[in-house]
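Peer 1: Before I ask anything, let me first share the structure, which is written out below as structure tokens.
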Amino acid sequence: MDPLIEGYKKFRAEIWPAERERYEALAHWGQSPDTMIVACSDSRVDPQTIFGAVPGEMFVLRNVAALVPPYQPDALGYHGTSAAIEFGVRVLKVARLVVLGHAQCGGVRAMAYGAPPQARDFVAAWVDIGRPAFDAAPGKKLSEVEIGVVRLSLANLMSFPWIAELVAAGRLGLQGYIFDIHTGVLTRVTADGADAVP
Ligand SMILES: [Zn+2]
């Protein structure tokens, strides 16, 4: 059987009965997630699983390397990431905006060593957003670049004027984390440190 359909059948049989009321309430009242997450598309780093969230709790955006571009409303191009951030922050009014990077990130690797030859139409230009983090990392170790990329995305979030305003007013909190796939450990990234969450 198609593994997607198999998974769906399992969802309908085992999860839906217990979660039905929650979904019905979410359909009736609409979503009002408290948290928005910007995470990597990497299949091993699912924010809902890592943070133990249920449907309706997290507005999630996933892209290559969990990057946030600078605020550029007049630039040419399709700003999918900035559009999701605008919707989450200004329409849904989340209270917390989290950047979730991870170890062994293929996007960060592409930023450091170049995108794979088959991924140069879009990936190469996209990961270049994080290039300043690579240039600023003293030892050029991928683990330190990964942390630098989270800090860069947080700094770029602050270039969105309505985010800076909400943060200054204490109505929006920004947080950065790195998830280590090998150990399952989450590290909190701040402006001057990176410490494992106890
Ligand atoms: Zn990644």
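Identifiers in the structure tokens: chain A, B, ... in order shown; residue index from 1 per chain; ligand index from 1 in order shown.
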Can I get the residues close to ligand 1 as a PyMOL selection string, where close means within 8 Å and we count only C-alpha atoms and all ligand atoms?
Peer 2: chain A and resi 39-42+45+64-66+101-108
Peer 1: Output N, CA and C atoms for every residue in that selection, as a JSON list (two decimals), in the first residue's frame.
Peer 2:
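The file below, result.json, is the result:
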[["chain", "number", "residue", "atom", "x", "y", "z"],
["A", 39, "ALA", "N", 11.77, 26.70, 11.26],
["A", 39, "ALA", "CA", 12.64, 25.52, 11.38],
["A", 39, "ALA", "C", 13.15, 25.11, 10.01],
["A", 40, "CYS", "N", 14.08, 24.17, 10.00],
["A", 40, "CYS", "CA", 14.61, 23.64, 8.74],
["A", 40, "CYS", "C", 13.64, 22.59, 8.19],
["A", 41, "SER", "N", 13.66, 22.42, 6.87],
["A", 41, "SER", "CA", 12.82, 21.40, 6.24],
["A", 41, "SER", "C", 13.32, 19.99, 6.51],
["A", 42, "ASP", "N", 14.49, 19.86, 7.07],
["A", 42, "ASP", "CA", 15.10, 18.55, 7.35],
["A", 42, "ASP", "C", 14.08, 17.60, 7.99],
["A", 45, "VAL", "N", 13.94, 16.86, 11.87],
["A", 45, "VAL", "CA", 13.82, 17.93, 12.86],
["A", 45, "VAL", "C", 12.40, 18.50, 12.83],
["A", 64, "VAL", "N", 14.87, 25.81, 3.91],
["A", 64, "VAL", "CA", 16.24, 25.29, 3.93],
["A", 64, "VAL", "C", 17.06, 26.07, 4.95],
["A", 65, "ALA", "N", 17.54, 25.37, 5.97],
["A", 65, "ALA", "CA", 18.44, 25.90, 7.00],
["A", 65, "ALA", "C", 17.78, 26.84, 8.02],
["A", 66, "ALA", "N", 16.45, 26.88, 8.07],
["A", 66, "ALA", "CA", 15.73, 27.73, 9.04],
["A", 66, "ALA", "C", 16.21, 29.19, 8.95],
["A", 101, "GLY", "N", 17.29, 25.91, 14.61],
["A", 101, "GLY", "CA", 18.30, 25.34, 13.73],
["A", 101, "GLY", "C", 18.64, 23.93, 14.20],
["A", 102, "HIS", "N", 19.56, 23.29, 13.52],
["A", 102, "HIS", "CA", 19.93, 21.93, 13.97],
["A", 102, "HIS", "C", 21.34, 21.56, 13.52],
["A", 103, "ALA", "N", 21.89, 20.55, 14.20],
["A", 103, "ALA", "CA", 23.21, 20.02, 13.84],
["A", 103, "ALA", "C", 23.07, 19.19, 12.56],
["A", 104, "GLN", "N", 24.17, 19.02, 11.84],
["A", 104, "GLN", "CA", 24.20, 18.25, 10.59],
["A", 104, "GLN", "C", 23.25, 18.83, 9.54],
["A", 105, "CYS", "N", 23.16, 20.17, 9.50],
["A", 105, "CYS", "CA", 22.23, 20.81, 8.57],
["A", 105, "CYS", "C", 22.84, 20.88, 7.16],
["A", 106, "GLY", "N", 22.15, 20.24, 6.20],
["A", 106, "GLY", "CA", 22.63, 20.25, 4.82],
["A", 106, "GLY", "C", 22.65, 21.65, 4.23],
["A", 107, "GLY", "N", 21.72, 22.50, 4.67],
["A", 107, "GLY", "CA", 21.67, 23.87, 4.18],
["A", 107, "GLY", "C", 22.87, 24.67, 4.65],
["A", 108, "VAL", "N", 23.26, 24.46, 5.92],
["A", 108, "VAL", "CA", 24.44, 25.16, 6.45],
["A", 108, "VAL", "C", 25.70, 24.62, 5.76]]
Peer 1: Using only C-alpha atoms, which residues sit within 6 Å of region 172-184 of chain A once same-chain residues fewer than 4 positions away are excluded, as a list in words?
Peer 2: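 My reading of the contact set: Ala95, Arg96, Leu97, Val98, Val99, Leu100, Gly101, His102, Ala103, Leu166, Val167, Arg188 and Val189 of chain A.
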Peer 1: Have a look at CA of Gly88 (chain A) and CA of Phe59 (chain A) and let me know their distance in Å, one decimal.
Peer 2: 6.8 Å
Peer 1: Give me, as a PDB file with N, CA and C atoms, in the first residue's frame, the residues of chain A that a backbone DSSP run labels helix (DSSP H, G or I).
Peer 2:
ATOM      1  N   PRO A   3       2.549   4.221   1.344  1.00  0.00           N
ATOM      2  CA  PRO A   3       2.814   4.513   2.760  1.00  0.00           C
ATOM      3  C   PRO A   3       2.075   5.748   3.274  1.00  0.00           C
ATOM      4  N   LEU A   4       1.778   6.713   2.390  1.00  0.00           N
ATOM      5  CA  LEU A   4       1.020   7.888   2.830  1.00  0.00           C
ATOM      6  C   LEU A   4      -0.402   7.497   3.206  1.00  0.00           C
ATOM      7  N   ILE A   5      -1.015   6.665   2.350  1.00  0.00           N
ATOM      8  CA  ILE A   5      -2.395   6.239   2.616  1.00  0.00           C
ATOM      9  C   ILE A   5      -2.425   5.335   3.851  1.00  0.00           C
ATOM     10  N   GLU A   6      -1.399   4.516   3.986  1.00  0.00           N
ATOM     11  CA  GLU A   6      -1.290   3.652   5.158  1.00  0.00           C
ATOM     12  C   GLU A   6      -1.224   4.508   6.429  1.00  0.00           C
ATOM     13  N   GLY A   7      -0.400   5.568   6.372  1.00  0.00           N
ATOM     14  CA  GLY A   7      -0.271   6.485   7.507  1.00  0.00           C
ATOM     15  C   GLY A   7      -1.582   7.196   7.794  1.00  0.00           C
ATOM     16  N   TYR A   8      -2.277   7.573   6.729  1.00  0.00           N
ATOM     17  CA  TYR A   8      -3.562   8.258   6.900  1.00  0.00           C
ATOM     18  C   TYR A   8      -4.587   7.340   7.575  1.00  0.00           C
ATOM     19  N   LYS A   9      -4.591   6.074   7.138  1.00  0.00           N
ATOM     20  CA  LYS A   9      -5.541   5.114   7.726  1.00  0.00           C
ATOM     21  C   LYS A   9      -5.260   4.941   9.214  1.00  0.00           C
ATOM     22  N   LYS A  10      -3.973   4.930   9.561  1.00  0.00           N
ATOM     23  CA  LYS A  10      -3.588   4.806  10.968  1.00  0.00           C
ATOM     24  C   LYS A  10      -4.050   6.056  11.737  1.00  0.00           C
ATOM     25  N   PHE A  11      -3.866   7.221  11.125  1.00  0.00           N
ATOM     26  CA  PHE A  11      -4.310   8.482  11.738  1.00  0.00           C
ATOM     27  C   PHE A  11      -5.824   8.459  11.999  1.00  0.00           C
ATOM     28  N   ARG A  12      -6.585   8.023  10.997  1.00  0.00           N
ATOM     29  CA  ARG A  12      -8.043   8.011  11.142  1.00  0.00           C
ATOM     30  C   ARG A  12      -8.497   7.005  12.197  1.00  0.00           C
ATOM     31  N   ALA A  13      -7.788   5.860  12.250  1.00  0.00           N
ATOM     32  CA  ALA A  13      -8.211   4.796  13.171  1.00  0.00           C
ATOM     33  C   ALA A  13      -7.740   5.054  14.601  1.00  0.00           C
ATOM     34  N   GLU A  14      -6.503   5.568  14.747  1.00  0.00           N
ATOM     35  CA  GLU A  14      -5.907   5.611  16.091  1.00  0.00           C
ATOM     36  C   GLU A  14      -5.851   7.015  16.691  1.00  0.00           C
ATOM     37  N   ILE A  15      -5.677   8.048  15.843  1.00  0.00           N
ATOM     38  CA  ILE A  15      -5.480   9.389  16.387  1.00  0.00           C
ATOM     39  C   ILE A  15      -6.759  10.221  16.319  1.00  0.00           C
ATOM     40  N   TRP A  16      -7.430  10.150  15.194  1.00  0.00           N
ATOM     41  CA  TRP A  16      -8.617  10.989  15.004  1.00  0.00           C
ATOM     42  C   TRP A  16      -9.663  10.829  16.120  1.00  0.00           C
ATOM     43  N   PRO A  17     -10.009   9.591  16.523  1.00  0.00           N
ATOM     44  CA  PRO A  17     -11.053   9.474  17.556  1.00  0.00           C
ATOM     45  C   PRO A  17     -10.706  10.252  18.829  1.00  0.00           C
ATOM     46  N   ALA A  18      -9.427  10.207  19.239  1.00  0.00           N
ATOM     47  CA  ALA A  18      -9.025  10.897  20.471  1.00  0.00           C
ATOM     48  C   ALA A  18      -8.894  12.404  20.262  1.00  0.00           C
ATOM     49  N   GLU A  19      -8.587  12.822  19.043  1.00  0.00           N
ATOM     50  CA  GLU A  19      -8.303  14.230  18.754  1.00  0.00           C
ATOM     51  C   GLU A  19      -9.465  14.953  18.078  1.00  0.00           C
ATOM     52  N   ARG A  20     -10.533  14.219  17.825  1.00  0.00           N
ATOM     53  CA  ARG A  20     -11.644  14.764  17.033  1.00  0.00           C
ATOM     54  C   ARG A  20     -12.176  16.076  17.608  1.00  0.00           C
ATOM     55  N   GLU A  21     -12.379  16.094  18.913  1.00  0.00           N
ATOM     56  CA  GLU A  21     -12.951  17.300  19.522  1.00  0.00           C
ATOM     57  C   GLU A  21     -12.040  18.505  19.355  1.00  0.00           C
ATOM     58  N   ARG A  22     -10.724  18.238  19.480  1.00  0.00           N
ATOM     59  CA  ARG A  22      -9.768  19.331  19.315  1.00  0.00           C
ATOM     60  C   ARG A  22      -9.847  19.909  17.891  1.00  0.00           C
ATOM     61  N   TYR A  23      -9.847  19.011  16.899  1.00  0.00           N
ATOM     62  CA  TYR A  23      -9.923  19.475  15.511  1.00  0.00           C
ATOM     63  C   TYR A  23     -11.228  20.217  15.251  1.00  0.00           C
ATOM     64  N   GLU A  24     -12.317  19.698  15.815  1.00  0.00           N
ATOM     65  CA  GLU A  24     -13.615  20.349  15.586  1.00  0.00           C
ATOM     66  C   GLU A  24     -13.627  21.753  16.200  1.00  0.00           C
ATOM     67  N   ALA A  25     -13.041  21.879  17.388  1.00  0.00           N
ATOM     68  CA  ALA A  25     -12.980  23.204  18.027  1.00  0.00           C
ATOM     69  C   ALA A  25     -12.089  24.145  17.219  1.00  0.00           C
ATOM     70  N   LEU A  26     -10.963  23.619  16.717  1.00  0.00           N
ATOM     71  CA  LEU A  26     -10.062  24.450  15.909  1.00  0.00           C
ATOM     72  C   LEU A  26     -10.742  24.890  14.617  1.00  0.00           C
ATOM     73  N   ALA A  27     -11.562  23.994  14.044  1.00  0.00           N
ATOM     74  CA  ALA A  27     -12.288  24.340  12.821  1.00  0.00           C
ATOM     75  C   ALA A  27     -13.343  25.396  13.126  1.00  0.00           C
ATOM     76  N   HIS A  28     -13.983  25.274  14.280  1.00  0.00           N
ATOM     77  CA  HIS A  28     -15.068  26.189  14.642  1.00  0.00           C
ATOM     78  C   HIS A  28     -14.543  27.573  15.046  1.00  0.00           C
ATOM     79  N   TRP A  29     -13.549  27.602  15.905  1.00  0.00           N
ATOM     80  CA  TRP A  29     -13.064  28.866  16.462  1.00  0.00           C
ATOM     81  C   TRP A  29     -11.905  29.467  15.676  1.00  0.00           C
ATOM     82  N   PRO A  47       9.454  20.234  14.519  1.00  0.00           N
ATOM     83  CA  PRO A  47       9.244  21.062  15.721  1.00  0.00           C
ATOM     84  C   PRO A  47       8.127  20.555  16.620  1.00  0.00           C
ATOM     85  N   GLN A  48       7.033  20.081  16.028  1.00  0.00           N
ATOM     86  CA  GLN A  48       5.908  19.618  16.861  1.00  0.00           C
ATOM     87  C   GLN A  48       6.314  18.423  17.711  1.00  0.00           C
ATOM     88  N   THR A  49       7.156  17.568  17.146  1.00  0.00           N
ATOM     89  CA  THR A  49       7.624  16.399  17.900  1.00  0.00           C
ATOM     90  C   THR A  49       8.582  16.840  19.005  1.00  0.00           C
ATOM     91  N   ILE A  50       9.543  17.694  18.648  1.00  0.00           N
ATOM     92  CA  ILE A  50      10.572  18.111  19.616  1.00  0.00           C
ATOM     93  C   ILE A  50       9.954  18.869  20.790  1.00  0.00           C
ATOM     94  N   VAL A  64      14.871  25.808   3.913  1.00  0.00           N
ATOM     95  CA  VAL A  64      16.236  25.294   3.926  1.00  0.00           C
ATOM     96  C   VAL A  64      17.058  26.071   4.953  1.00  0.00           C
ATOM     97  N   ALA A  65      17.541  25.370   5.969  1.00  0.00           N
ATOM     98  CA  ALA A  65      18.440  25.897   7.003  1.00  0.00           C
ATOM     99  C   ALA A  65      17.783  26.839   8.016  1.00  0.00           C
ATOM    100  N   ALA A  66      16.445  26.882   8.067  1.00  0.00           N
ATOM    101  CA  ALA A  66      15.732  27.734   9.041  1.00  0.00           C
ATOM    102  C   ALA A  66      16.206  29.186   8.953  1.00  0.00           C
ATOM    103  N   GLY A  80       8.277  33.972   0.363  1.00  0.00           N
ATOM    104  CA  GLY A  80       7.479  32.997   1.099  1.00  0.00           C
ATOM    105  C   GLY A  80       7.752  33.002   2.589  1.00  0.00           C
ATOM    106  N   THR A  81       9.019  33.111   2.953  1.00  0.00           N
ATOM    107  CA  THR A  81       9.373  33.101   4.365  1.00  0.00           C
ATOM    108  C   THR A  81       8.868  34.363   5.058  1.00  0.00           C
ATOM    109  N   SER A  82       9.108  35.518   4.448  1.00  0.00           N
ATOM    110  CA  SER A  82       8.662  36.775   5.055  1.00  0.00           C
ATOM    111  C   SER A  82       7.137  36.844   5.109  1.00  0.00           C
ATOM    112  N   ALA A  83       6.463  36.258   4.115  1.00  0.00           N
ATOM    113  CA  ALA A  83       4.993  36.258   4.115  1.00  0.00           C
ATOM    114  C   ALA A  83       4.461  35.456   5.300  1.00  0.00           C
ATOM    115  N   ALA A  84       5.057  34.298   5.548  1.00  0.00           N
ATOM    116  CA  ALA A  84       4.606  33.471   6.675  1.00  0.00           C
ATOM    117  C   ALA A  84       4.861  34.196   7.997  1.00  0.00           C
ATOM    118  N   ILE A  85       5.998  34.876   8.094  1.00  0.00           N
ATOM    119  CA  ILE A  85       6.323  35.619   9.318  1.00  0.00           C
ATOM    120  C   ILE A  85       5.320  36.760   9.518  1.00  0.00           C
ATOM    121  N   GLU A  86       5.010  37.455   8.425  1.00  0.00           N
ATOM    122  CA  GLU A  86       4.036  38.549   8.516  1.00  0.00           C
ATOM    123  C   GLU A  86       2.684  38.033   9.003  1.00  0.00           C
ATOM    124  N   PHE A  87       2.257  36.899   8.454  1.00  0.00           N
ATOM    125  CA  PHE A  87       0.968  36.340   8.848  1.00  0.00           C
ATOM    126  C   PHE A  87       0.989  35.908  10.315  1.00  0.00           C
ATOM    127  N   GLY A  88       2.043  35.219  10.702  1.00  0.00           N
ATOM    128  CA  GLY A  88       2.131  34.733  12.080  1.00  0.00           C
ATOM    129  C   GLY A  88       2.180  35.861  13.101  1.00  0.00           C
ATOM    130  N   VAL A  89       2.971  36.877  12.797  1.00  0.00           N
ATOM    131  CA  VAL A  89       3.196  37.961  13.771  1.00  0.00           C
ATOM    132  C   VAL A  89       2.056  38.983  13.753  1.00  0.00           C
ATOM    133  N   ARG A  90       1.621  39.396  12.557  1.00  0.00           N
ATOM    134  CA  ARG A  90       0.677  40.519  12.488  1.00  0.00           C
ATOM    135  C   ARG A  90      -0.781  40.087  12.473  1.00  0.00           C
ATOM    136  N   VAL A  91      -1.059  38.898  11.926  1.00  0.00           N
ATOM    137  CA  VAL A  91      -2.456  38.444  11.857  1.00  0.00           C
ATOM    138  C   VAL A  91      -2.771  37.515  13.032  1.00  0.00           C
ATOM    139  N   GLY A 106      22.152  20.245   6.200  1.00  0.00           N
ATOM    140  CA  GLY A 106      22.629  20.248   4.817  1.00  0.00           C
ATOM    141  C   GLY A 106      22.650  21.654   4.234  1.00  0.00           C
ATOM    142  N   GLY A 107      21.722  22.500   4.670  1.00  0.00           N
ATOM    143  CA  GLY A 107      21.670  23.874   4.183  1.00  0.00           C
ATOM    144  C   GLY A 107      22.873  24.674   4.651  1.00  0.00           C
ATOM    145  N   VAL A 108      23.258  24.459   5.920  1.00  0.00           N
ATOM    146  CA  VAL A 108      24.438  25.158   6.450  1.00  0.00           C
ATOM    147  C   VAL A 108      25.695  24.625   5.763  1.00  0.00           C
ATOM    148  N   ARG A 109      25.713  23.326   5.508  1.00  0.00           N
ATOM    149  CA  ARG A 109      26.843  22.737   4.780  1.00  0.00           C
ATOM    150  C   ARG A 109      26.969  23.359   3.384  1.00  0.00           C
ATOM    151  N   ALA A 110      25.823  23.519   2.712  1.00  0.00           N
ATOM    152  CA  ALA A 110      25.825  24.129   1.369  1.00  0.00           C
ATOM    153  C   ALA A 110      26.318  25.576   1.424  1.00  0.00           C
ATOM    154  N   MET A 111      25.950  26.259   2.510  1.00  0.00           N
ATOM    155  CA  MET A 111      26.399  27.651   2.693  1.00  0.00           C
ATOM    156  C   MET A 111      27.912  27.708   2.844  1.00  0.00           C
ATOM    157  N   ALA A 112      28.449  26.735   3.577  1.00  0.00           N
ATOM    158  CA  ALA A 112      29.880  26.737   3.870  1.00  0.00           C
ATOM    159  C   ALA A 112      30.711  26.230   2.699  1.00  0.00           C
ATOM    160  N   TYR A 113      30.247  25.158   2.078  1.00  0.00           N
ATOM    161  CA  TYR A 113      31.076  24.489   1.056  1.00  0.00           C
ATOM    162  C   TYR A 113      30.505  24.561  -0.349  1.00  0.00           C
ATOM    163  N   PRO A 117      25.686  20.441  -7.007  1.00  0.00           N
ATOM    164  CA  PRO A 117      25.531  20.937  -8.383  1.00  0.00           C
ATOM    165  C   PRO A 117      24.084  20.892  -8.872  1.00  0.00           C
ATOM    166  N   GLN A 118      23.284  19.930  -8.376  1.00  0.00           N
ATOM    167  CA  GLN A 118      21.885  19.835  -8.824  1.00  0.00           C
ATOM    168  C   GLN A 118      20.997  20.859  -8.137  1.00  0.00           C
ATOM    169  N   ALA A 119      21.531  21.623  -7.202  1.00  0.00           N
ATOM    170  CA  ALA A 119      20.683  22.518  -6.398  1.00  0.00           C
ATOM    171  C   ALA A 119      21.177  23.953  -6.465  1.00  0.00           C
ATOM    172  N   VAL A 123      18.839  26.902  -4.285  1.00  0.00           N
ATOM    173  CA  VAL A 123      19.453  26.672  -2.971  1.00  0.00           C
ATOM    174  C   VAL A 123      20.675  27.559  -2.764  1.00  0.00           C
ATOM    175  N   ALA A 124      21.506  27.676  -3.790  1.00  0.00           N
ATOM    176  CA  ALA A 124      22.755  28.437  -3.638  1.00  0.00           C
ATOM    177  C   ALA A 124      22.484  29.878  -3.213  1.00  0.00           C
ATOM    178  N   ALA A 125      21.545  30.535  -3.902  1.00  0.00           N
ATOM    179  CA  ALA A 125      21.240  31.939  -3.577  1.00  0.00           C
ATOM    180  C   ALA A 125      20.559  32.038  -2.210  1.00  0.00           C
ATOM    181  N   TRP A 126      19.706  31.050  -1.903  1.00  0.00           N
ATOM    182  CA  TRP A 126      18.975  31.086  -0.633  1.00  0.00           C
ATOM    183  C   TRP A 126      19.935  30.990   0.554  1.00  0.00           C
ATOM    184  N   VAL A 127      20.833  29.996   0.523  1.00  0.00           N
ATOM    185  CA  VAL A 127      21.699  29.798   1.696  1.00  0.00           C
ATOM    186  C   VAL A 127      22.723  30.924   1.843  1.00  0.00           C
ATOM    187  N   ASP A 128      22.902  31.687   0.789  1.00  0.00           N
ATOM    188  CA  ASP A 128      23.806  32.836   0.866  1.00  0.00           C
ATOM    189  C   ASP A 128      23.355  33.849   1.921  1.00  0.00           C
ATOM    190  N   ILE A 129      22.065  33.819   2.259  1.00  0.00           N
ATOM    191  CA  ILE A 129      21.548  34.695   3.332  1.00  0.00           C
ATOM    192  C   ILE A 129      22.376  34.493   4.602  1.00  0.00           C
ATOM    193  N   GLY A 130      22.782  33.251   4.839  1.00  0.00           N
ATOM    194  CA  GLY A 130      23.501  32.939   6.076  1.00  0.00           C
ATOM    195  C   GLY A 130      24.999  33.101   5.994  1.00  0.00           C
ATOM    196  N   ARG A 131      25.469  33.483   4.830  1.00  0.00           N
ATOM    197  CA  ARG A 131      26.913  33.573   4.596  1.00  0.00           C
ATOM    198  C   ARG A 131      27.653  34.444   5.625  1.00  0.00           C
ATOM    199  N   PRO A 132      27.087  35.589   6.035  1.00  0.00           N
ATOM    200  CA  PRO A 132      27.795  36.395   7.041  1.00  0.00           C
ATOM    201  C   PRO A 132      28.084  35.612   8.328  1.00  0.00           C
ATOM    202  N   ALA A 133      27.224  34.644   8.653  1.00  0.00           N
ATOM    203  CA  ALA A 133      27.456  33.837   9.863  1.00  0.00           C
ATOM    204  C   ALA A 133      28.672  32.932   9.654  1.00  0.00           C
ATOM    205  N   PHE A 134      28.819  32.422   8.444  1.00  0.00           N
ATOM    206  CA  PHE A 134      29.997  31.589   8.137  1.00  0.00           C
ATOM    207  C   PHE A 134      31.263  32.442   8.181  1.00  0.00           C
ATOM    208  N   ASP A 135      31.198  33.615   7.549  1.00  0.00           N
ATOM    209  CA  ASP A 135      32.368  34.498   7.510  1.00  0.00           C
ATOM    210  C   ASP A 135      32.793  34.928   8.913  1.00  0.00           C
ATOM    211  N   ALA A 136      31.806  35.065   9.818  1.00  0.00           N
ATOM    212  CA  ALA A 136      32.114  35.557  11.166  1.00  0.00           C
ATOM    213  C   ALA A 136      32.554  34.440  12.118  1.00  0.00           C
ATOM    214  N   LEU A 142      31.416  23.688  11.462  1.00  0.00           N
ATOM    215  CA  LEU A 142      29.997  23.730  11.127  1.00  0.00           C
ATOM    216  C   LEU A 142      29.128  23.934  12.361  1.00  0.00           C
ATOM    217  N   SER A 143      29.550  23.338  13.500  1.00  0.00           N
ATOM    218  CA  SER A 143      28.728  23.485  14.712  1.00  0.00           C
ATOM    219  C   SER A 143      28.651  24.957  15.145  1.00  0.00           C
ATOM    220  N   GLU A 144      29.730  25.697  14.989  1.00  0.00           N
ATOM    221  CA  GLU A 144      29.671  27.124  15.367  1.00  0.00           C
ATOM    222  C   GLU A 144      28.933  27.948  14.306  1.00  0.00           C
ATOM    223  N   VAL A 145      29.048  27.511  13.031  1.00  0.00           N
ATOM    224  CA  VAL A 145      28.304  28.219  11.978  1.00  0.00           C
ATOM    225  C   VAL A 145      26.802  28.027  12.198  1.00  0.00           C
ATOM    226  N   GLU A 146      26.408  26.813  12.596  1.00  0.00           N
ATOM    227  CA  GLU A 146      24.982  26.547  12.836  1.00  0.00           C
ATOM    228  C   GLU A 146      24.421  27.483  13.912  1.00  0.00           C
ATOM    229  N   ILE A 147      25.199  27.705  14.946  1.00  0.00           N
ATOM    230  CA  ILE A 147      24.781  28.627  16.008  1.00  0.00           C
ATOM    231  C   ILE A 147      24.729  30.062  15.456  1.00  0.00           C
ATOM    232  N   GLY A 148      25.763  30.420  14.670  1.00  0.00           N
ATOM    233  CA  GLY A 148      25.812  31.764  14.084  1.00  0.00           C
ATOM    234  C   GLY A 148      24.628  32.028  13.160  1.00  0.00           C
ATOM    235  N   VAL A 149      24.188  30.987  12.453  1.00  0.00           N
ATOM    236  CA  VAL A 149      23.065  31.142  11.529  1.00  0.00           C
ATOM    237  C   VAL A 149      21.773  31.423  12.304  1.00  0.00           C
ATOM    238  N   VAL A 150      21.599  30.761  13.447  1.00  0.00           N
ATOM    239  CA  VAL A 150      20.416  31.039  14.279  1.00  0.00           C
ATOM    240  C   VAL A 150      20.455  32.495  14.752  1.00  0.00           C
ATOM    241  N   ARG A 151      21.625  32.945  15.189  1.00  0.00           N
ATOM    242  CA  ARG A 151      21.750  34.347  15.651  1.00  0.00           C
ATOM    243  C   ARG A 151      21.473  35.325  14.503  1.00  0.00           C
ATOM    244  N   LEU A 152      21.962  34.971  13.313  1.00  0.00           N
ATOM    245  CA  LEU A 152      21.743  35.836  12.145  1.00  0.00           C
ATOM    246  C   LEU A 152      20.254  35.929  11.811  1.00  0.00           C
ATOM    247  N   SER A 153      19.570  34.788  11.858  1.00  0.00           N
ATOM    248  CA  SER A 153      18.126  34.802  11.576  1.00  0.00           C
ATOM    249  C   SER A 153      17.386  35.633  12.617  1.00  0.00           C
ATOM    250  N   LEU A 154      17.796  35.525  13.883  1.00  0.00           N
ATOM    251  CA  LEU A 154      17.162  36.341  14.934  1.00  0.00           C
ATOM    252  C   LEU A 154      17.417  37.830  14.671  1.00  0.00           C
ATOM    253  N   ALA A 155      18.650  38.158  14.263  1.00  0.00           N
ATOM    254  CA  ALA A 155      18.983  39.564  13.963  1.00  0.00           C
ATOM    255  C   ALA A 155      18.166  40.041  12.758  1.00  0.00           C
ATOM    256  N   ASN A 156      18.025  39.185  11.739  1.00  0.00           N
ATOM    257  CA  ASN A 156      17.229  39.573  10.568  1.00  0.00           C
ATOM    258  C   ASN A 156      15.760  39.775  10.934  1.00  0.00           C
ATOM    259  N   LEU A 157      15.258  38.975  11.876  1.00  0.00           N
ATOM    260  CA  LEU A 157      13.870  39.178  12.330  1.00  0.00           C
ATOM    261  C   LEU A 157      13.703  40.588  12.895  1.00  0.00           C
ATOM    262  N   PRO A 161      10.338  45.974  10.828  1.00  0.00           N
ATOM    263  CA  PRO A 161      10.005  47.056  11.772  1.00  0.00           C
ATOM    264  C   PRO A 161       8.911  46.679  12.767  1.00  0.00           C
ATOM    265  N   TRP A 162       7.882  45.962  12.318  1.00  0.00           N
ATOM    266  CA  TRP A 162       6.782  45.617  13.239  1.00  0.00           C
ATOM    267  C   TRP A 162       7.205  44.547  14.235  1.00  0.00           C
ATOM    268  N   ILE A 163       8.243  43.753  13.924  1.00  0.00           N
ATOM    269  CA  ILE A 163       8.763  42.806  14.924  1.00  0.00           C
ATOM    270  C   ILE A 163       9.556  43.575  15.976  1.00  0.00           C
ATOM    271  N   ALA A 164      10.430  44.489  15.516  1.00  0.00           N
ATOM    272  CA  ALA A 164      11.228  45.283  16.462  1.00  0.00           C
ATOM    273  C   ALA A 164      10.314  46.052  17.418  1.00  0.00           C
ATOM    274  N   GLU A 165       9.210  46.598  16.885  1.00  0.00           N
ATOM    275  CA  GLU A 165       8.256  47.352  17.721  1.00  0.00           C
ATOM    276  C   GLU A 165       7.620  46.458  18.787  1.00  0.00           C
ATOM    277  N   LEU A 166       7.172  45.275  18.361  1.00  0.00           N
ATOM    278  CA  LEU A 166       6.504  44.364  19.299  1.00  0.00           C
ATOM    279  C   LEU A 166       7.469  43.850  20.360  1.00  0.00           C
ATOM    280  N   VAL A 167       8.717  43.590  19.952  1.00  0.00           N
ATOM    281  CA  VAL A 167       9.725  43.121  20.918  1.00  0.00           C
ATOM    282  C   VAL A 167       9.999  44.224  21.935  1.00  0.00           C
ATOM    283  N   ALA A 168      10.142  45.474  21.440  1.00  0.00           N
ATOM    284  CA  ALA A 168      10.419  46.604  22.337  1.00  0.00           C
ATOM    285  C   ALA A 168       9.268  46.822  23.318  1.00  0.00           C
TER     286      ALA A 168
END
Peer 1: Among the residues of region 54-175 of chain A, find those DSSP assigns to strand (DSSP E) from the backbone and print them as a count of residues only.
Peer 2: 16
Peer 1: Calculate how many Å separate CA of Leu186 (chain A) from CA of Pro198 (chain A), rounding to one decimal.
Peer 2: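 Here the two named atoms are 8.7 Å from each other.
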